[in-house]
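For reference, the structure discussed in these notes is given below.
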Amino acid sequence: MNGTVTKTVELKGQGVPLHVEVPSRHRHLVFKNAKVGEVSTLSFSVINRSLVEINGHVVLLPVTSLSGPQLKTLLDSKEVWLVPHSSVIIAVGQSIEASVNFKPAARITGFDARLCFVTDQQVIVELASVHGKCDGLDIVLDEQTVDFGAVVLGGWVKRNLLLRSQGELGAYFTWDTALLAPHYTIKPDKGYIPAKGQLLLEVIFTPAFLSSDIRVLDIQCTIPHNKSPVKLNLIGACLPPVLPKEVFNFECPVRESDRKQLTITNTTATPWNLKPLVSNPVWTVPQQVTVRANSSEHFEAIFRPIESKPQQGLVTVILPAGQSQVFSLAGKTLPPKPNGRIGKEVPCRVPHKELLLVNNWLQKSQSFNVTFEYIKPDKVDPAIELTGNSMVHVPPMGHSQYELTFKALRDRDVNAVYTYKIVFKNADGEYQYYDIQYKVGRGPMYDLKTITAPVRTSRREIVKVVNPLETNVTISCQLQGVAGEITLEPSIPTLVPGKKEMDLVVEYFPLKPGSTQGRIDIGSTELGIFSVELNLHATLPKPEPPVTFAASLGGTASQICTLRNHSRTKAEFAVKIVEGATEFQLINEKSVYSLPPGSSHNPTEMNLDIMFDPIKLGKSRGRLVASSASGGGEFVFILEGTCLRPQPRGPFALQSPATDLQPPLEFRNPFSRPCSFKVSSSNRAFQVRENTDVIKSKKTAGIGVSFNPALLALDGETAKENSLLSQITVIPIFEGVPPVEEVAEWVYYIKCTL
C-alpha cells in the first residue's frame, strides 16, 4: 500500500463447460425452393445449457477451405445473412431466436456452411449445418469472339456458334440486330432455348463495302434474369474481288432466257461445297455446287431479263481458302416475243370474244394500258368493231384474262382479212403483245321468222333491219321462193340513217295449205347482202259460211257461192260437187271457171249458181270444191238443204163438166229412181187414173182429171157447192224394194165450175 506495503489477495473461481446448442430439428438447415430475387428464411433457436450466462454471436463458417470463397462472396453481397448479426447475452437455461436468410441474385448450384456460436472469448461451438441452392438461368456462348478473316466484296462467310443453357430453366433470347447491320447477320436472331439444351447459331459475314477492319463489339443478347450477360464480338475485313478478263455474253428477248456454262476447278485434295453468289437478280445460279477433289465442275447461269435494257453482273464463288473466283456476265435484251399468235375465221355480224392472258412477272401488282395497232388495214375501218377495256390489272406473279371483242358489221366483207397487234404496256414502258388475224366468214342468217296462218288469212311479222354504220345506207329487199304469198312493206329501196333501224313488215297470206320455205335477201351497196329465212306454215282455211237451202219435196231452191282469186296471176278453178250431187247441182254446168288476177286485200270474184233439188224429206248435206292448180287455192263450200213436205196446191178449175182438166196436173218425180205413183180422189165424181205409168227420176208427167156429175146421182147426192171440190192425192209406189226415203204425198185441190 502506498507503494511501500505489499498485500497478497487470494482469488478463487470455478470453470464450467460451455454448452450451447439448437433443437435437434434445426440441426440441418436446407433452403429447398429458393428463387432469384426472393428472400428465403430458416429460423432456429439457440439454447444456453451452460451453468453461467454466455456472451457471443452466431456466425456462418465454411465447411472446407474450397467452399470459403463462395461463402464469403455470398456474405459480402448480402445474398446470405444472419439475424441477429451482433453479440447477444443468453442467460442460463434461456434461448434466443435467430434466422439464416437467403436472397440469391442469380442461379447458384449449391453452397454449404457451418452454423456456429462464437463467444466473446472466441470459443467456437458448431450448432448446425446449412445447405442452399437456387435454380435459374445460366446461358452462355461457346465463343465470345469470332474472327472471319478477309472476305472479298460480294462474298460471304458463315460461322457456327453454340448457345448453351446450363441452368434448370429455359428462356427466350433476342439479339441486338441493329448493331449487326450492314455486314453481319445472326440466324436465328431470336427464339427460345430449353433448360439444359443448346442451339446452333449461324453468324454470316457479308461485307457491304471495302474495309480492312470491320468489327462490332459487345453485341448484346437479351436474356432476362440470366446469370451473366451474353455478349459477342465479331471481327472481319473486306478485300476487292479480282475481276476476270473473260466476259460471258447472254442474249434473249425480254422475259425469255439464255443459258451459259461456268466452270470451277478444284486443285486441292478436299471436296468443295460451294455456294455461288450473283450480283444481279436477272441471272440465277444453283444454290450449291459440289466440286470433287482435283477435278472441275460445270454449273449453269441463266439470264432472264424483265426489263428491255442492257444488263451486267458478277457471279462470285467464295472458295474454302478465303479466295474467290469471279465470272463477269453481260446481257443483251431483245424486244419481247408475242404472247401468242391467233388466226381465226369469224362470221360477220356475230361478236367474237377473244380471251387474252396477260402476265405479271413482278412481285407487285401491275396495271397495263391497252392499245390496238392496226396492221392490215393500217387504219380504223368503221365497219369493224374492235373493243376492249383500256386497262387491265394483274396480281403479283400472276395473270389476268383480257376480253377482246371483234365484230364485222358488213356482209360484203366476207373473205376480208384483218390483222392487229394488241399491246399491253406498263408504267415503265415494258410491254407484251398478241398478234391477231381474223378472216371474215359468212355470217348466219340475219333472222328467222316462222309464220303460221290459215289459208286466205293474213299474218304479219316485223323484222328489225339495223344500219350499224355511222353513215346513211339505202336498204332494198328481194323475196326468194315465196313471192306469191309474201308481201313486204316497204317494198321499195329505203334510206336508213346511221346507227338507226328500219321496221320491215312481212305479211303472209297463204293460198293453199302446206309448209314452204323462203328467204328475204336484204342488202345495200355499203353492207352487202344478208338473209332472213322464212318458215311458212299454212293450215286449213277457216270454213266458208254454210250455204243454206229450203225447198219442198218435188220443188227446187237456188243460192250462190262466191269464188275469190287472191293470186296475182290469172286463176282457173275446177268446180265440182263432191258430196250430195244427187240433190245439189250447178245451174251452169261448166266445170272450169277463169278469174282474172287479184291481190290479198282486193281479190277478183265470181258467183256460182247452185240449185237444191231434194229427193227425200229432212236434212241434206253437200260439199262443193273449187280448186285451182294455177295458184288460186281451194274453196270448200258446205251446202245445207232442208226438204219440207209438199204444200197442197190448187184449187185447179175445170172449165166445163164435160171436159178434162186442161192442162193436166203437172207432177215431177223427185226421187233418184224411177217409180210409179198411186193417185186417188176424195170425190169419185172427179175421176183419175189409179196408177201412173213409171216416171223416170227427176222427170215430169201429167195426171189427168175429169168430172162426171152422173156419179154424184148414183150416190144419191145432189150437186151442192161442196160436192164440186175434190182432193187429189199422189203417193209413190216403190216396187220390189222398200223405200229408204220417208214416204211423202202430194195434194192437189180440183174445183169444178158448173
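Chain lettering (A, B, ...) mirrors the order of the C-alpha cells, residue numbering begins at 1 for each chain separately, and ligand numbering begins at 1 in order of display.
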Between stretch 252-326 of chain A and stretch 135-155 of chain A, at 9 Å or less, what are the per-residue closest atom pairs and their distances in Å? Count only C-alpha atoms, order by chain and rising residue number, and return it as a Markdown table.
| residue | atom | partner | partner_atom | distance |
| --- | --- | --- | --- | --- |
| A:Pro276 | CA | A:Gly155 | CA | 8.8 |
| A:Leu277 | CA | A:Gly155 | CA | 7.1 |
| A:Val278 | CA | A:Gly154 | CA | 8.4 |
| A:Ser279 | CA | A:Gly154 | CA | 7.3 |
| A:Leu314 | CA | A:Gly154 | CA | 8.8 |
| A:Val315 | CA | A:Gly154 | CA | 8.9 |
| A:Thr316 | CA | A:Gly155 | CA | 6.5 |
| A:Val317 | CA | A:Gly155 | CA | 7.3 |
| A:Ile318 | CA | A:Gly155 | CA | 6.0 |
| A:Gly322 | CA | A:Val151 | CA | 6.4 |
| A:Gln323 | CA | A:Val152 | CA | 7.3 |
| A:Ser324 | CA | A:Val152 | CA | 6.9 |
Selected residues written out with C-alpha atoms, as a PDB file, in the first residue's frame:
ATOM      1  CA  PRO A 276     -22.220 -19.210-105.937  1.00  0.00           C
ATOM      2  CA  LEU A 277     -23.479 -15.644-105.461  1.00  0.00           C
ATOM      3  CA  VAL A 278     -24.809 -13.443-108.252  1.00  0.00           C
ATOM      4  CA  SER A 279     -24.827  -9.644-108.069  1.00  0.00           C
ATOM      5  CA  LEU A 314     -20.907 -10.891-111.446  1.00  0.00           C
ATOM      6  CA  VAL A 315     -21.049 -14.442-110.179  1.00  0.00           C
ATOM      7  CA  THR A 316     -18.766 -14.787-107.149  1.00  0.00           C
ATOM      8  CA  VAL A 317     -17.789 -18.161-105.739  1.00  0.00           C
ATOM      9  CA  ILE A 318     -16.100 -17.993-102.314  1.00  0.00           C
ATOM     10  CA  GLY A 322     -10.860 -17.462 -98.376  1.00  0.00           C
ATOM     11  CA  GLN A 323     -10.184 -16.632-102.007  1.00  0.00           C
ATOM     12  CA  SER A 324     -12.870 -16.131-104.642  1.00  0.00           C
TER      13      SER A 324
END
Under the rule of at most 9 Å, produce a per-residue listing of stretch 304-371 of chain A near stretch 280-298 of chain A: chain, number, name, the closest pair of atoms, and the distance in Å, as a Markdown table, using only C-alpha atoms.
| residue | atom | partner | partner_atom | distance |
| --- | --- | --- | --- | --- |
| A:Arg304 | CA | A:Val282 | CA | 5.2 |
| A:Pro305 | CA | A:Val282 | CA | 5.2 |
| A:Ile306 | CA | A:Val282 | CA | 7.3 |
| A:Gln311 | CA | A:Val282 | CA | 8.0 |
| A:Gln312 | CA | A:Asn280 | CA | 7.2 |
| A:Gly313 | CA | A:Asn280 | CA | 5.2 |
| A:Leu314 | CA | A:Asn280 | CA | 7.1 |
| A:Val315 | CA | A:Val285 | CA | 8.3 |
| A:Leu329 | CA | A:Trp283 | CA | 8.8 |
Spatial neighbours of stretch 69-86 of chain A, max dist 10 Å, only C-alpha atoms, sep filter under 4 positions, as a short mmCIF file (atom, residue, chain, number, x, y, z; two decimals) with C-alpha atoms, in the first residue's frame:
data_model
loop_
_atom_site.label_atom_id
_atom_site.label_comp_id
_atom_site.auth_asym_id
_atom_site.auth_seq_id
_atom_site.Cartn_x
_atom_site.Cartn_y
_atom_site.Cartn_z
CA GLY A 37 -34.56 -12.14 -56.13
CA VAL A 39 -35.88 -13.88 -49.66
CA SER A 40 -35.99 -17.32 -48.06
CA THR A 41 -35.67 -17.57 -44.26
CA LEU A 42 -34.83 -20.52 -41.98
CA SER A 43 -35.46 -19.79 -38.24
CA GLY A 56 -21.41 -14.18 -28.13
CA HIS A 57 -22.91 -14.21 -31.64
CA VAL A 58 -23.87 -16.70 -34.37
CA VAL A 59 -21.76 -16.95 -37.50
CA LEU A 60 -21.52 -18.98 -40.76
CA LEU A 61 -18.21 -20.67 -41.38
CA PRO A 62 -17.11 -22.63 -44.45
CA VAL A 63 -17.18 -26.38 -44.36
CA THR A 64 -13.89 -26.68 -46.24
CA SER A 65 -11.28 -24.30 -47.48
CA ILE A 96 -32.72 -16.69 -28.32
CA GLU A 97 -34.45 -16.80 -31.73
CA ALA A 98 -32.24 -16.40 -34.78
CA SER A 99 -32.51 -16.97 -38.54
CA VAL A 100 -30.48 -17.59 -41.69
CA ASN A 101 -31.69 -15.55 -44.73
CA PHE A 102 -31.04 -16.36 -48.41
CA LYS A 103 -31.78 -13.95 -51.34
CA PRO A 104 -29.96 -15.23 -54.46
CA ALA A 105 -29.22 -12.73 -57.19
CA ALA A 106 -28.62 -15.43 -59.79
CA GLY A 110 -25.31 -25.01 -54.19
CA PHE A 111 -23.43 -23.84 -51.09
CA ASP A 112 -22.64 -25.49 -47.70
CA ALA A 113 -21.78 -23.80 -44.38
CA LEU A 115 -23.70 -22.54 -38.27
CA GLY A 132 -28.73 -23.90 -50.07
#
**Item:** A:Lys421 surroundings by only C-alpha atoms, 8 Å radius, close-in-sequence under 5 positions cut, as number ranges by chain
**Value:** A: 372-375, 433-436
**Item:** 9 Å contact set for stretch 687-692 of chain A, only C-alpha atoms, chain neighbours under 5 positions out, as a list of chain:residue names
**Value:**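 Surrounding residues, per the criterion: A:Ser676, A:Phe677, A:Lys678, A:Val679, A:Ser680, A:Ser681, A:Ala701, A:Ile703, A:Gly704, A:Val705, A:Ser706, A:Phe707, A:Asn708, A:Ile728, A:Ile733.
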For the residues selected in the previous step, produce a file with N, CA and C atoms as a short mmCIF file (atom, residue, chain, number, x, y, z; two decimals), in the first residue's frame.
data_model
loop_
_atom_site.label_atom_id
_atom_site.label_comp_id
_atom_site.auth_asym_id
_atom_site.auth_seq_id
_atom_site.Cartn_x
_atom_site.Cartn_y
_atom_site.Cartn_z
N SER A 676 -143.58 -45.45 -160.04
CA SER A 676 -144.95 -45.03 -160.39
C SER A 676 -145.62 -44.51 -159.14
N PHE A 677 -146.72 -43.89 -159.28
CA PHE A 677 -147.38 -43.23 -158.16
C PHE A 677 -148.85 -43.62 -158.16
N LYS A 678 -149.40 -43.76 -156.98
CA LYS A 678 -150.81 -44.06 -156.81
C LYS A 678 -151.57 -42.75 -156.67
N VAL A 679 -152.65 -42.61 -157.45
CA VAL A 679 -153.42 -41.37 -157.46
C VAL A 679 -154.83 -41.70 -156.95
N SER A 680 -155.33 -40.89 -156.03
CA SER A 680 -156.69 -41.11 -155.51
C SER A 680 -157.42 -39.78 -155.43
N SER A 681 -158.79 -39.85 -155.49
CA SER A 681 -159.61 -38.64 -155.44
C SER A 681 -160.58 -38.78 -154.28
N ALA A 701 -144.51 -35.73 -165.44
CA ALA A 701 -145.61 -36.38 -166.17
C ALA A 701 -146.91 -35.66 -165.83
N ILE A 703 -150.99 -35.69 -164.84
CA ILE A 703 -152.03 -36.50 -164.20
C ILE A 703 -153.40 -35.92 -164.65
N GLY A 704 -154.12 -36.73 -165.41
CA GLY A 704 -155.40 -36.26 -165.93
C GLY A 704 -156.51 -36.36 -164.90
N VAL A 705 -157.41 -35.39 -164.92
CA VAL A 705 -158.57 -35.35 -164.00
C VAL A 705 -159.80 -34.97 -164.85
N SER A 706 -160.89 -35.76 -164.68
CA SER A 706 -162.14 -35.44 -165.39
C SER A 706 -163.29 -35.46 -164.37
N PHE A 707 -164.37 -34.74 -164.71
CA PHE A 707 -165.50 -34.62 -163.79
C PHE A 707 -166.72 -35.30 -164.43
N ASN A 708 -167.41 -36.21 -163.68
CA ASN A 708 -168.60 -36.93 -164.15
C ASN A 708 -169.71 -36.69 -163.14
N ILE A 728 -157.08 -34.45 -154.73
CA ILE A 728 -156.34 -35.47 -155.47
C ILE A 728 -155.05 -35.73 -154.69
N ILE A 733 -145.17 -45.33 -155.38
CA ILE A 733 -145.21 -46.79 -155.26
C ILE A 733 -143.80 -47.28 -155.57
#
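Reported to one decimal place, the separation of atom CA of A:Ala237 from atom CA of A:Ile204 is 13.0 Å.
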**Fill in**
With distances taken over only C-alpha atoms, the candidate from A:Val5, A:Ala330, A:Ala453, A:Ala195 nearest A:Ala538 is A:Ala453
**Message:** Could you list, as a ChimeraX atom specification, every residue within 8 Å of A:Leu201, counting only C-alpha atoms and ignoring same-chain residues fewer than 4 positions away?
**Reply:** /A:160-163,186-188
**Prompt:** Between A:Gln261, A:Leu357, A:Ser476, A:Asp503, which has the minimum distance to A:Gly398 (counting only C-alpha atoms)?
**Reply:**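 Using only C-alpha atoms, A:Gly398 sits closest to A:Leu357.
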**Message:** Which residue is closest to A:Met445? Choose from A:Leu355, A:Met611, A:Ala557, A:Ile520 and count only C-alpha atoms.
**Reply:** A:Ile520
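Near A:Glu583, within 8 Å and counting only C-alpha atoms, sit Gly580, Ala581, Gln585, Phe612, Asp613, Pro614, Ile615, Ser620 and Gly622 of chain A; same-chain residues fewer than 2 positions away were not included.
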Convert the current residue selection to file output with C-alpha atoms, as a PDB file, in the first residue's frame.
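Okay, out-v3.pdb is ready:
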ATOM      1  CA  GLY A 580    -124.637 -34.622-152.328  1.00  0.00           C
ATOM      2  CA  ALA A 581    -124.575 -34.367-156.119  1.00  0.00           C
ATOM      3  CA  GLN A 585    -126.352 -29.162-158.874  1.00  0.00           C
ATOM      4  CA  PHE A 612    -131.082 -27.672-154.389  1.00  0.00           C
ATOM      5  CA  ASP A 613    -133.340 -30.456-155.746  1.00  0.00           C
ATOM      6  CA  PRO A 614    -134.194 -32.716-152.773  1.00  0.00           C
ATOM      7  CA  ILE A 615    -135.035 -36.380-153.083  1.00  0.00           C
ATOM      8  CA  SER A 620    -129.431 -32.959-146.740  1.00  0.00           C
ATOM      9  CA  GLY A 622    -123.489 -31.449-149.822  1.00  0.00           C
TER      10      GLY A 622
END
**Request:** Would you work out the distance separating atom CA of A:Pro182 from atom CA of A:Gly236, expressed in Å to one decimal?
**Result:**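 According to the coordinates, atom CA of A:Pro182 and atom CA of A:Gly236 are separated by 12.7 Å.
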Stretch 232-391 of chain A: residues DSSP assigns to strand (DSSP E), reported as a compact mmCIF listing (two decimals) with N, CA and C atoms, in the first residue's frame:
# COMPACT_ATOMS: atom_id res chain seq x y z
N LEU A 232 -21.18 -10.81 -77.68
CA LEU A 232 -20.43 -11.38 -78.79
C LEU A 232 -19.65 -10.28 -79.49
N ASN A 233 -18.40 -10.62 -79.88
CA ASN A 233 -17.55 -9.72 -80.65
C ASN A 233 -17.31 -10.34 -82.02
N LEU A 234 -17.50 -9.55 -83.11
CA LEU A 234 -17.30 -10.03 -84.47
C LEU A 234 -16.25 -9.17 -85.15
N ILE A 235 -15.31 -9.84 -85.85
CA ILE A 235 -14.19 -9.15 -86.49
C ILE A 235 -14.05 -9.70 -87.90
N GLY A 236 -13.83 -8.82 -88.87
CA GLY A 236 -13.61 -9.25 -90.24
C GLY A 236 -13.01 -8.14 -91.07
N ALA A 237 -12.72 -8.47 -92.35
CA ALA A 237 -12.16 -7.49 -93.28
C ALA A 237 -12.72 -7.78 -94.66
N CYS A 238 -12.77 -6.76 -95.54
CA CYS A 238 -13.31 -6.90 -96.89
C CYS A 238 -12.28 -6.45 -97.90
N LEU A 239 -11.97 -7.35 -98.85
CA LEU A 239 -11.00 -7.05 -99.90
C LEU A 239 -11.71 -6.98 -101.25
N VAL A 247 -15.54 -12.27 -120.48
CA VAL A 247 -16.92 -11.87 -120.22
C VAL A 247 -17.84 -12.88 -120.92
N PHE A 248 -18.80 -13.38 -120.17
CA PHE A 248 -19.80 -14.30 -120.73
C PHE A 248 -20.99 -13.47 -121.21
N ASN A 249 -21.26 -13.56 -122.53
CA ASN A 249 -22.31 -12.75 -123.14
C ASN A 249 -23.61 -13.56 -123.29
N PHE A 250 -24.70 -12.95 -122.87
CA PHE A 250 -26.03 -13.55 -122.97
C PHE A 250 -26.90 -12.66 -123.86
N GLU A 251 -27.85 -13.30 -124.58
CA GLU A 251 -28.75 -12.54 -125.44
C GLU A 251 -30.06 -13.29 -125.59
N CYS A 252 -31.18 -12.58 -125.33
CA CYS A 252 -32.51 -13.20 -125.48
C CYS A 252 -33.56 -12.10 -125.42
N PRO A 253 -34.78 -12.37 -125.90
CA PRO A 253 -35.87 -11.40 -125.76
C PRO A 253 -36.22 -11.21 -124.28
N ASP A 258 -31.64 -17.21 -121.53
CA ASP A 258 -30.45 -17.71 -122.23
C ASP A 258 -29.56 -18.36 -121.18
N ARG A 259 -28.82 -19.40 -121.55
CA ARG A 259 -28.05 -20.19 -120.58
C ARG A 259 -26.60 -20.31 -121.03
N LYS A 260 -25.69 -20.27 -120.03
CA LYS A 260 -24.25 -20.46 -120.27
C LYS A 260 -23.69 -21.37 -119.19
N GLN A 261 -22.63 -22.12 -119.54
CA GLN A 261 -21.96 -22.99 -118.59
C GLN A 261 -20.73 -22.28 -118.02
N LEU A 262 -20.62 -22.27 -116.67
CA LEU A 262 -19.46 -21.72 -115.97
C LEU A 262 -18.71 -22.88 -115.31
N THR A 263 -17.37 -22.74 -115.19
CA THR A 263 -16.55 -23.85 -114.72
C THR A 263 -15.72 -23.43 -113.52
N ILE A 264 -15.67 -24.30 -112.48
CA ILE A 264 -14.83 -24.12 -111.29
C ILE A 264 -13.89 -25.32 -111.21
N THR A 265 -12.62 -25.05 -110.94
CA THR A 265 -11.62 -26.11 -110.83
C THR A 265 -11.11 -26.19 -109.41
N ASN A 266 -11.11 -27.41 -108.85
CA ASN A 266 -10.61 -27.69 -107.50
C ASN A 266 -9.28 -28.40 -107.62
N TRP A 272 -15.09 -29.69 -102.42
CA TRP A 272 -15.64 -28.37 -102.08
C TRP A 272 -17.17 -28.40 -102.20
N ASN A 273 -17.82 -27.79 -101.22
CA ASN A 273 -19.25 -27.49 -101.32
C ASN A 273 -19.39 -25.97 -101.35
N LEU A 274 -19.63 -25.45 -102.54
CA LEU A 274 -19.59 -24.01 -102.75
C LEU A 274 -20.99 -23.47 -103.02
N LEU A 277 -22.68 -16.84 -105.70
CA LEU A 277 -23.48 -15.64 -105.46
C LEU A 277 -23.50 -14.81 -106.73
N VAL A 278 -24.67 -14.25 -107.05
CA VAL A 278 -24.81 -13.44 -108.25
C VAL A 278 -25.21 -12.03 -107.83
N TRP A 283 -29.86 -12.81 -113.35
CA TRP A 283 -29.21 -14.10 -113.52
C TRP A 283 -29.52 -14.98 -112.32
N THR A 284 -29.65 -16.26 -112.54
CA THR A 284 -29.79 -17.23 -111.46
C THR A 284 -28.75 -18.33 -111.65
N VAL A 289 -22.86 -25.87 -105.38
CA VAL A 289 -22.09 -26.60 -106.39
C VAL A 289 -21.06 -27.44 -105.65
N THR A 290 -21.05 -28.72 -105.90
CA THR A 290 -20.06 -29.63 -105.30
C THR A 290 -18.97 -29.92 -106.33
N VAL A 291 -17.74 -29.64 -105.93
CA VAL A 291 -16.59 -29.89 -106.81
C VAL A 291 -15.70 -30.94 -106.15
N SER A 295 -10.59 -31.89 -109.50
CA SER A 295 -11.44 -32.01 -110.69
C SER A 295 -12.11 -30.67 -110.95
N SER A 296 -12.83 -30.61 -112.06
CA SER A 296 -13.57 -29.40 -112.44
C SER A 296 -15.07 -29.74 -112.49
N GLU A 297 -15.87 -28.71 -112.24
CA GLU A 297 -17.31 -28.89 -112.25
C GLU A 297 -17.95 -27.72 -113.00
N HIS A 298 -18.96 -28.04 -113.83
CA HIS A 298 -19.69 -27.01 -114.57
C HIS A 298 -21.00 -26.71 -113.85
N PHE A 299 -21.39 -25.46 -113.87
CA PHE A 299 -22.72 -25.10 -113.40
C PHE A 299 -23.29 -24.05 -114.35
N GLU A 300 -24.62 -23.92 -114.34
CA GLU A 300 -25.33 -23.14 -115.34
C GLU A 300 -25.76 -21.79 -114.78
N ALA A 301 -25.51 -20.75 -115.55
CA ALA A 301 -26.03 -19.41 -115.25
C ALA A 301 -27.14 -19.11 -116.26
N ILE A 302 -28.30 -18.72 -115.73
CA ILE A 302 -29.48 -18.48 -116.58
C ILE A 302 -29.81 -17.00 -116.55
N PHE A 303 -29.93 -16.42 -117.74
CA PHE A 303 -30.23 -14.99 -117.91
C PHE A 303 -31.72 -14.84 -118.22
N GLN A 311 -27.77 -5.46 -119.44
CA GLN A 311 -27.55 -5.89 -118.07
C GLN A 311 -26.10 -6.33 -117.88
N GLN A 312 -25.57 -6.12 -116.67
CA GLN A 312 -24.24 -6.60 -116.29
C GLN A 312 -24.32 -7.22 -114.91
N GLY A 313 -23.44 -8.20 -114.65
CA GLY A 313 -23.46 -8.83 -113.35
C GLY A 313 -22.20 -9.64 -113.11
N LEU A 314 -22.04 -10.07 -111.85
CA LEU A 314 -20.91 -10.89 -111.45
C LEU A 314 -21.44 -12.11 -110.71
N VAL A 315 -20.81 -13.24 -110.97
CA VAL A 315 -21.05 -14.44 -110.18
C VAL A 315 -19.79 -14.68 -109.36
N THR A 316 -19.91 -14.63 -108.05
CA THR A 316 -18.77 -14.79 -107.15
C THR A 316 -18.91 -16.10 -106.41
N VAL A 317 -17.83 -16.89 -106.45
CA VAL A 317 -17.79 -18.16 -105.74
C VAL A 317 -16.69 -18.06 -104.68
N ILE A 318 -17.07 -18.06 -103.41
CA ILE A 318 -16.10 -17.99 -102.31
C ILE A 318 -15.51 -19.39 -102.12
N SER A 324 -11.62 -16.12 -103.89
CA SER A 324 -12.87 -16.13 -104.64
C SER A 324 -12.57 -16.27 -106.12
N GLN A 325 -13.55 -16.87 -106.81
CA GLN A 325 -13.50 -16.93 -108.27
C GLN A 325 -14.69 -16.15 -108.79
N VAL A 326 -14.44 -15.21 -109.70
CA VAL A 326 -15.46 -14.29 -110.17
C VAL A 326 -15.65 -14.47 -111.68
N PHE A 327 -16.93 -14.49 -112.10
CA PHE A 327 -17.29 -14.58 -113.51
C PHE A 327 -18.02 -13.30 -113.89
N SER A 328 -17.58 -12.68 -114.97
CA SER A 328 -18.19 -11.45 -115.44
C SER A 328 -19.26 -11.78 -116.49
N LEU A 329 -20.45 -11.20 -116.31
CA LEU A 329 -21.59 -11.50 -117.19
C LEU A 329 -22.10 -10.23 -117.84
N ALA A 330 -22.51 -10.33 -119.12
CA ALA A 330 -23.11 -9.22 -119.84
C ALA A 330 -24.34 -9.74 -120.58
N GLY A 331 -25.44 -9.02 -120.48
CA GLY A 331 -26.68 -9.47 -121.10
C GLY A 331 -27.24 -8.43 -122.05
N LYS A 332 -27.67 -8.89 -123.21
CA LYS A 332 -28.32 -8.04 -124.19
C LYS A 332 -29.79 -8.45 -124.27
N THR A 333 -30.68 -7.48 -124.07
CA THR A 333 -32.12 -7.76 -124.04
C THR A 333 -32.75 -7.35 -125.36
N LEU A 334 -33.42 -8.30 -126.00
CA LEU A 334 -34.10 -8.05 -127.27
C LEU A 334 -35.58 -7.74 -127.02
N GLY A 340 -48.70 -14.71 -127.98
CA GLY A 340 -49.37 -15.70 -128.80
C GLY A 340 -49.71 -15.12 -130.15
N ARG A 341 -49.88 -16.01 -131.12
CA ARG A 341 -50.34 -15.61 -132.45
C ARG A 341 -51.67 -16.33 -132.70
N ILE A 342 -52.69 -15.56 -132.99
CA ILE A 342 -54.05 -16.09 -133.12
C ILE A 342 -54.55 -15.82 -134.53
N GLY A 343 -55.02 -16.84 -135.18
CA GLY A 343 -55.61 -16.71 -136.51
C GLY A 343 -56.91 -17.49 -136.56
N LYS A 344 -58.02 -16.82 -136.88
CA LYS A 344 -59.32 -17.47 -136.89
C LYS A 344 -60.18 -16.91 -138.00
N GLU A 345 -61.18 -17.71 -138.40
CA GLU A 345 -62.23 -17.21 -139.28
C GLU A 345 -63.44 -16.89 -138.41
N VAL A 346 -63.94 -15.68 -138.54
CA VAL A 346 -65.01 -15.19 -137.67
C VAL A 346 -66.19 -14.81 -138.54
N PRO A 347 -67.40 -15.34 -138.27
CA PRO A 347 -68.56 -14.98 -139.09
C PRO A 347 -68.93 -13.51 -138.88
N HIS A 352 -67.32 -11.70 -131.75
CA HIS A 352 -66.39 -12.78 -131.38
C HIS A 352 -65.55 -12.32 -130.19
N LYS A 353 -65.58 -13.07 -129.10
CA LYS A 353 -64.84 -12.71 -127.90
C LYS A 353 -63.57 -13.54 -127.82
N GLU A 354 -62.45 -12.84 -127.65
CA GLU A 354 -61.14 -13.49 -127.53
C GLU A 354 -60.59 -13.21 -126.13
N LEU A 355 -60.23 -14.26 -125.40
CA LEU A 355 -59.66 -14.12 -124.06
C LEU A 355 -58.14 -14.19 -124.16
N LEU A 356 -57.48 -13.08 -123.83
CA LEU A 356 -56.02 -12.99 -123.91
C LEU A 356 -55.45 -13.01 -122.50
N LEU A 357 -54.42 -13.85 -122.29
CA LEU A 357 -53.80 -13.98 -120.97
C LEU A 357 -52.69 -12.93 -120.84
N VAL A 358 -52.82 -12.06 -119.83
CA VAL A 358 -51.84 -11.00 -119.58
C VAL A 358 -51.05 -11.39 -118.33
N ASN A 359 -49.71 -11.45 -118.43
CA ASN A 359 -48.86 -11.96 -117.36
C ASN A 359 -48.24 -10.81 -116.57
N GLN A 366 -49.40 -5.00 -111.12
CA GLN A 366 -49.11 -4.12 -112.25
C GLN A 366 -50.42 -3.77 -112.97
N SER A 367 -50.42 -2.58 -113.55
CA SER A 367 -51.52 -2.15 -114.41
C SER A 367 -50.96 -1.90 -115.80
N PHE A 368 -51.67 -2.39 -116.82
CA PHE A 368 -51.22 -2.28 -118.20
C PHE A 368 -52.24 -1.48 -119.00
N ASN A 369 -51.75 -0.46 -119.71
CA ASN A 369 -52.59 0.25 -120.68
C ASN A 369 -52.67 -0.58 -121.96
N VAL A 370 -53.86 -0.64 -122.54
CA VAL A 370 -54.10 -1.49 -123.71
C VAL A 370 -54.26 -0.60 -124.94
N THR A 371 -53.52 -0.90 -125.99
CA THR A 371 -53.63 -0.18 -127.25
C THR A 371 -53.77 -1.19 -128.39
N PHE A 372 -54.51 -0.77 -129.43
CA PHE A 372 -54.70 -1.59 -130.62
C PHE A 372 -53.89 -0.98 -131.76
N GLU A 373 -53.01 -1.77 -132.33
CA GLU A 373 -52.24 -1.33 -133.50
C GLU A 373 -52.83 -2.00 -134.74
N TYR A 374 -53.23 -1.18 -135.72
CA TYR A 374 -53.86 -1.68 -136.93
C TYR A 374 -52.78 -1.96 -137.97
N ILE A 375 -52.62 -3.23 -138.31
CA ILE A 375 -51.56 -3.64 -139.24
C ILE A 375 -52.11 -3.72 -140.66
N LYS A 376 -53.21 -4.44 -140.84
CA LYS A 376 -53.82 -4.58 -142.17
C LYS A 376 -55.32 -4.66 -141.99
N ILE A 384 -65.82 -2.21 -138.85
CA ILE A 384 -65.28 -3.23 -137.95
C ILE A 384 -65.30 -2.67 -136.54
N GLU A 385 -65.87 -3.45 -135.62
CA GLU A 385 -65.85 -3.08 -134.20
C GLU A 385 -64.80 -3.92 -133.48
N LEU A 386 -63.78 -3.24 -132.94
CA LEU A 386 -62.74 -3.89 -132.15
C LEU A 386 -62.73 -3.19 -130.79
N THR A 387 -63.19 -3.88 -129.76
CA THR A 387 -63.41 -3.23 -128.47
C THR A 387 -62.81 -4.05 -127.34
N MET A 391 -57.59 -0.72 -119.84
CA MET A 391 -56.58 -1.06 -118.84
C MET A 391 -56.92 -2.41 -118.23
**Item:** Which residue of A:Ser67, A:Asp411, A:Leu51, A:Lys35 approaches A:Cys134 most closely, using only C-alpha atoms
**Value:**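 Using only C-alpha atoms, A:Cys134 sits closest to A:Lys35.
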